[in-house]
>>> print(open('run.cif').read())   # mmCIF, C-alpha atoms
data_run
loop_
_atom_site.label_atom_id
_atom_site.label_comp_id
_atom_site.auth_asym_id
_atom_site.auth_seq_id
_atom_site.Cartn_x
_atom_site.Cartn_y
_atom_site.Cartn_z
CA GLU A 1 1.72 9.42 18.30
CA ALA A 2 -0.63 7.43 16.07
CA GLN A 3 1.33 4.69 14.41
CA VAL A 4 1.65 1.16 13.14
CA THR A 5 4.73 -0.66 14.37
CA GLN A 6 6.33 -3.80 13.01
CA ASN A 7 9.04 -6.01 14.41
CA PRO A 8 11.58 -6.97 13.43
CA ARG A 9 12.49 -4.48 10.72
CA TYR A 10 15.04 -6.82 9.20
CA LEU A 11 15.26 -10.60 9.39
CA ILE A 12 17.47 -13.19 7.76
CA THR A 13 16.47 -16.78 8.34
CA VAL A 14 16.80 -20.24 6.82
CA THR A 15 14.30 -22.40 5.01
CA GLY A 16 11.85 -24.14 7.32
CA LYS A 17 12.51 -22.17 10.50
CA LYS A 18 9.21 -20.82 11.80
CA LEU A 19 9.02 -17.09 12.31
CA THR A 20 6.55 -14.44 13.37
CA VAL A 21 6.45 -10.79 12.34
CA THR A 22 4.51 -8.69 14.80
CA CYS A 23 2.27 -5.76 13.94
CA SER A 24 0.63 -3.39 16.37
CA GLN A 25 -1.48 -0.25 15.95
CA ASN A 26 -2.51 2.28 18.58
CA MET A 27 -5.39 3.92 16.70
CA ASN A 28 -8.18 1.52 17.70
CA HIS A 29 -8.62 0.57 14.05
CA GLU A 30 -10.88 -2.32 13.14
CA TYR A 31 -9.28 -3.27 9.83
CA MET A 32 -5.75 -4.63 9.52
CA SER A 33 -3.93 -6.09 6.54
CA TRP A 34 -0.65 -7.64 5.55
CA TYR A 35 0.97 -6.94 2.19
CA ARG A 36 4.13 -8.06 0.49
CA GLN A 37 6.03 -5.81 -1.88
CA ASP A 38 8.12 -7.30 -4.68
CA PRO A 39 9.92 -5.44 -7.48
CA GLY A 40 7.72 -4.96 -10.50
CA LEU A 41 4.66 -6.40 -8.73
CA GLY A 42 3.65 -3.58 -6.41
CA LEU A 43 1.96 -4.53 -3.15
CA ARG A 44 -0.16 -7.63 -2.89
CA GLN A 45 -2.47 -8.39 -0.02
CA ILE A 46 -1.69 -11.55 1.96
CA TYR A 47 -4.39 -11.56 4.65
CA TYR A 48 -6.74 -9.07 6.20
CA SER A 49 -8.84 -8.81 9.32
CA MET A 50 -12.07 -6.89 9.79
CA ASN A 51 -12.12 -7.26 13.58
CA VAL A 52 -11.02 -9.48 16.43
CA GLU A 53 -11.24 -13.16 15.45
CA VAL A 54 -12.31 -12.25 11.89
CA THR A 55 -9.67 -12.88 9.24
CA ASP A 56 -9.70 -13.80 5.57
CA LYS A 57 -7.35 -14.51 2.71
CA GLY A 58 -6.07 -11.87 0.37
CA ASP A 59 -4.53 -12.48 -3.01
CA VAL A 60 -1.38 -14.37 -1.98
CA PRO A 61 -2.10 -16.26 1.28
CA GLU A 62 -0.18 -19.48 0.57
CA GLY A 63 2.50 -20.18 3.16
CA TYR A 64 1.23 -17.60 5.65
CA LYS A 65 -0.98 -17.59 8.71
CA VAL A 66 -2.41 -14.77 10.80
CA SER A 67 -4.33 -14.33 14.00
CA ARG A 68 -6.31 -11.46 15.53
CA LYS A 69 -6.82 -12.15 19.20
CA GLU A 70 -6.66 -8.49 20.21
CA LYS A 71 -7.76 -5.46 18.27
CA ARG A 72 -4.34 -3.82 18.27
CA ASN A 73 -2.22 -6.79 17.17
CA PHE A 74 -2.12 -8.73 13.91
CA PRO A 75 0.93 -11.03 13.71
CA LEU A 76 2.03 -12.69 10.47
CA ILE A 77 3.27 -16.24 10.85
CA LEU A 78 5.44 -18.16 8.43
CA GLU A 79 5.41 -21.74 9.70
CA SER A 80 7.93 -23.09 7.16
CA PRO A 81 9.50 -20.20 5.27
CA SER A 82 10.83 -20.76 1.77
CA PRO A 83 13.12 -18.60 -0.40
CA ASN A 84 10.16 -17.38 -2.48
CA GLN A 85 8.88 -15.62 0.63
CA THR A 86 11.89 -13.31 0.58
CA SER A 87 10.22 -9.94 0.32
CA LEU A 88 9.38 -6.63 1.98
CA TYR A 89 6.32 -6.94 4.20
CA PHE A 90 3.98 -4.19 5.28
CA CYS A 91 1.26 -4.18 7.88
CA ALA A 92 -1.53 -1.62 7.54
CA SER A 93 -4.58 -0.59 9.51
CA SER A 94 -7.67 1.50 8.85
CA LEU A 95 -10.66 2.63 10.83
CA GLY A 96 -13.11 0.87 8.56
CA GLY A 97 -13.66 -0.37 5.06
CA GLY A 98 -13.40 0.87 1.47
CA PRO A 99 -13.05 4.65 1.58
CA ASP A 100 -10.90 4.80 4.70
CA THR A 101 -7.20 5.59 4.54
CA GLN A 102 -4.85 2.77 5.34
CA TYR A 103 -1.93 3.57 7.64
CA PHE A 104 1.20 1.58 6.95
CA GLY A 105 3.96 0.33 9.18
CA PRO A 106 7.62 0.90 8.30
CA GLY A 107 8.07 -2.53 6.72
CA THR A 108 9.93 -5.74 7.50
CA ARG A 109 12.58 -6.93 5.08
CA LEU A 110 12.71 -10.71 5.19
CA THR A 111 15.37 -12.85 3.57
CA VAL A 112 14.95 -16.63 3.53
CA LEU A 113 18.10 -18.54 2.63
CA ALA B 114 -11.94 -8.24 -10.84
CA GLN B 115 -10.45 -4.81 -10.62
CA SER B 116 -6.91 -4.05 -11.71
CA VAL B 117 -4.61 -1.05 -11.78
CA THR B 118 -2.08 -0.16 -14.47
CA GLN B 119 0.77 2.25 -14.01
CA LEU B 120 2.40 2.35 -17.41
CA ASP B 121 5.56 4.17 -16.37
CA SER B 122 7.90 2.28 -14.09
CA GLN B 123 10.24 5.25 -13.83
CA VAL B 124 9.85 8.97 -14.58
CA PRO B 125 12.96 11.17 -14.56
CA VAL B 126 12.36 14.90 -14.31
CA PHE B 127 14.31 18.03 -13.50
CA GLU B 128 13.63 20.07 -10.39
CA GLU B 129 10.87 22.71 -10.83
CA ALA B 130 9.49 20.96 -13.92
CA PRO B 131 5.88 19.69 -14.01
CA VAL B 132 5.17 15.99 -13.79
CA GLU B 133 2.28 13.64 -14.49
CA LEU B 134 2.20 10.04 -13.27
CA ARG B 135 -0.35 7.94 -15.08
CA CYS B 136 -2.80 5.49 -13.59
CA ASN B 137 -5.57 3.54 -15.31
CA TYR B 138 -7.91 1.10 -13.66
CA SER B 139 -10.48 -1.43 -14.69
CA SER B 140 -13.55 -2.28 -12.69
CA SER B 141 -17.13 -3.15 -13.44
CA VAL B 142 -18.35 -1.36 -10.32
CA SER B 143 -17.66 2.03 -8.82
CA VAL B 144 -14.40 2.36 -6.96
CA TYR B 145 -12.50 4.50 -4.54
CA LEU B 146 -9.13 5.68 -5.89
CA PHE B 147 -5.95 6.41 -3.98
CA TRP B 148 -2.42 7.60 -4.52
CA TYR B 149 0.19 6.55 -1.94
CA VAL B 150 3.83 7.64 -1.78
CA GLN B 151 6.75 5.61 -0.47
CA TYR B 152 9.89 7.53 0.41
CA PRO B 153 13.14 5.54 0.55
CA ASN B 154 13.19 3.00 3.39
CA GLN B 155 9.78 4.01 4.66
CA GLY B 156 6.24 2.72 4.61
CA LEU B 157 3.52 4.11 2.39
CA GLN B 158 1.58 7.22 3.21
CA LEU B 159 -1.53 8.66 1.61
CA LEU B 160 -1.12 11.49 -0.89
CA LEU B 161 -4.77 11.86 -1.84
CA LYS B 162 -7.95 9.93 -2.53
CA TYR B 163 -11.09 10.19 -4.61
CA LEU B 164 -14.32 8.95 -3.08
CA SER B 165 -17.03 10.93 -4.90
CA GLY B 166 -17.95 14.46 -5.93
CA SER B 167 -15.46 16.82 -7.56
CA THR B 168 -13.23 14.97 -9.97
CA LEU B 169 -10.20 17.11 -9.14
CA VAL B 170 -8.67 16.06 -5.86
CA LYS B 171 -5.95 17.97 -4.04
CA GLY B 172 -3.52 16.22 -1.75
CA ILE B 173 -0.48 16.88 0.35
CA ASN B 174 2.79 18.40 -0.86
CA GLY B 175 1.14 20.20 -3.81
CA PHE B 176 -0.01 17.07 -5.62
CA GLU B 177 -3.39 16.75 -7.30
CA ALA B 178 -5.17 14.09 -9.31
CA GLU B 179 -8.10 14.06 -11.67
CA PHE B 180 -10.65 11.26 -11.86
CA ASN B 181 -11.83 10.60 -15.41
CA LYS B 182 -14.60 8.04 -15.43
CA SER B 183 -14.87 7.73 -19.21
CA GLN B 184 -11.16 7.02 -19.55
CA THR B 185 -10.98 5.09 -16.26
CA SER B 186 -7.96 7.12 -15.29
CA PHE B 187 -6.69 8.82 -12.16
CA HIS B 188 -3.49 10.61 -13.16
CA LEU B 189 -1.34 12.36 -10.55
CA ARG B 190 0.14 15.77 -11.28
CA LYS B 191 2.38 18.37 -9.72
CA PRO B 192 3.14 21.68 -11.43
CA SER B 193 6.66 22.03 -10.03
CA VAL B 194 8.58 19.18 -8.40
CA HIS B 195 11.28 19.33 -5.75
CA ILE B 196 14.22 17.05 -5.09
CA SER B 197 12.36 15.85 -2.01
CA ASP B 198 9.57 14.43 -4.20
CA THR B 199 11.91 11.64 -5.28
CA ALA B 200 10.01 8.53 -4.21
CA GLU B 201 7.89 5.67 -5.48
CA TYR B 202 4.24 6.42 -6.14
CA PHE B 203 1.49 3.83 -6.05
CA CYS B 204 -2.00 4.11 -7.45
CA ALA B 205 -4.59 1.90 -5.76
CA VAL B 206 -8.28 1.11 -6.07
CA ASN B 207 -10.81 -0.20 -3.61
CA LEU B 208 -14.26 -1.43 -4.50
CA ASN B 209 -17.12 0.75 -3.37
CA THR B 210 -18.27 -1.70 -0.71
CA GLY B 211 -17.77 -1.90 3.02
CA PHE B 212 -14.86 -4.14 2.35
CA GLN B 213 -11.22 -3.15 2.82
CA LYS B 214 -9.24 -4.54 -0.09
CA LEU B 215 -6.78 -2.28 -1.86
CA VAL B 216 -5.44 -3.36 -5.22
CA PHE B 217 -2.18 -1.61 -6.03
CA GLY B 218 -0.48 -0.78 -9.27
CA THR B 219 3.13 -1.76 -9.78
CA GLY B 220 4.39 1.70 -8.84
CA THR B 221 6.17 4.57 -10.59
CA ARG B 222 9.54 5.71 -9.38
CA LEU B 223 9.85 9.51 -9.67
CA LEU B 224 13.46 10.66 -9.95
CA VAL B 225 13.96 14.40 -9.54
CA SER B 226 17.37 15.76 -10.41
CA PRO B 227 18.80 19.27 -10.04
#
>>> encode(input="run.cif", output="structure tokens")
Amino acid sequence: EAQVTQNPRYLITVTGKKLTVTCSQNMNHEYMSWYRQDPGLGLRQIYYSMNVEVTDKGDVPEGYKVSRKEKRNFPLILESPSPNQTSLYFCASSLGGGPDTQYFGPGTRLTVL
Amino acid sequence: AQSVTQLDSQVPVFEEAPVELRCNYSSSVSVYLFWYVQYPNQGLQLLLKYLSGSTLVKGINGFEAEFNKSQTSFHLRKPSVHISDTAEYFCAVNLNTGFQKLVFGTGTRLLVSP
């Protein structure tokens, strides 16, 4: 089954404790993105990747890191999480650029205390 | 920079009634337009998209949307809603480049009651 998976689905952590949210797709897609969803703000792009070893900042990259060492994986790293990073996070992938449909993972709900 | 406005944060409607969810965008270049739906506790999935050609686009689950360039709008419609259509709906735009950057609206929660 074609899908985007994220782990964990739920995470409660404390300020400053490094964490990684994994994202994996099995569709051989080139493009991958991370979004955060906050009430009243919709989804905002954090980082995106156009291919292996090619990443760039989205609209809200502060406090996040990403890497793309393999085509299928695109982990999101929070090196020192803060309470304002409490949010619902989505990973997405697409075959290519602009007109292509993005396929979303099920989401990761992160709470930083 | 492009932006997307969804004026209605919540739209209550009775089952079998028609519904229209409004979306306006601003961009100085041509765009691709999308509607995504998010059912409770799930990720987003594509309802429909406009790339070019016919301005009336049909999507899944009986939804359709019309692209109006002069009004910079891409409103979503369904002639008769079901309880199962209760969800949050997001309008999104992407610049007409090779670049993958979706800009989302703030979402409209559709509440269908019996």
>>> interface_residues(input="run.cif", of="chain B", to="chain A", cutoff="9 Å", atoms="all atoms listed in the file", output="list in words")
Ser122, Val144, Tyr145, Leu146, Phe147, Asn154, Gln155, Gly156, Leu157, Gln158, Leu159, Lys162, Tyr163, Leu164, Phe203, Asn207, Leu208, Asn209, Thr210, Gly211, Phe212, Gln213, Lys214, Leu215, Val216, Phe217, Gly218, Thr219 and Gly220 of chain B
>>> residues_around(input="run.cif", residues="Leu189 (chain B)", least_positions_apart="5", cutoff="9 Å", atoms="only C-alpha atoms", output="tab-separated table (two decimals) with C-alpha atoms, keeping the file's coordinate frame")
chain	number	residue	atom	x	y	z
B	132	VAL	CA	5.17	15.99	-13.79
B	133	GLU	CA	2.28	13.64	-14.49
B	134	LEU	CA	2.20	10.04	-13.27
B	135	ARG	CA	-0.35	7.94	-15.08
B	136	CYS	CA	-2.80	5.49	-13.59
B	148	TRP	CA	-2.42	7.60	-4.52
B	176	PHE	CA	-0.01	17.07	-5.62
B	177	GLU	CA	-3.39	16.75	-7.30
B	178	ALA	CA	-5.17	14.09	-9.31
B	179	GLU	CA	-8.10	14.06	-11.67
B	204	CYS	CA	-2.00	4.11	-7.45
>>> resolve_selection(input="run.cif", expression="the PyMOL selection byres ((chain A and resi 17) around 12)", output="ChimeraX atom specification")
/A:11-16,18-20,77-83,111-113
>>> atom_distance(input="run.cif", atom1="CA of Ser140 (chain B)", atom2="CA of Pro61 (chain A)")
22.8 Å
>>> closest_residue(input="run.cif", among="A:Val52, A:Arg72, A:Trp34, A:Thr86", to="Gln3 (chain A)", atoms="only C-alpha atoms")
A:Arg72
>>> resolve_selection(input="run.cif", expression="the PyMOL selection byres ((chain B and resi 191) around 12)", output="list in words")
Val126, Glu128, Glu129, Ala130, Pro131, Val132, Glu133, Leu134, Leu160, Val170, Lys171, Gly172, Ile173, Asn174, Gly175, Phe176, Glu177, Ala178, Glu179, His188, Leu189, Arg190, Pro192, Ser193, Val194, His195, Asp198 and Leu223 of chain B
>>> atom_distance(input="run.cif", atom1="CA of Lys69 (chain A)", atom2="CA of Arg36 (chain A)")
22.1 Å
>>> atom_distance(input="run.cif", atom1="CA of Arg109 (chain A)", atom2="CA of Pro153 (chain B)")
13.3 Å
>>> axis_aligned_box(input="run.cif", around="region 98-108 of chain A", padding_each_side="5 Å", output="AutoDock Vina command-line options")
--center_x -1.7 --center_y -0.1 --center_z 5.3 --size_x 33.3 --size_y 21.3 --size_z 17.7
>>> closest_residue(input="run.cif", among="A:Arg9, A:Val21, A:Leu110, A:Ala2", to="Asn73 (chain A)", atoms="only C-alpha atoms")
A:Val21
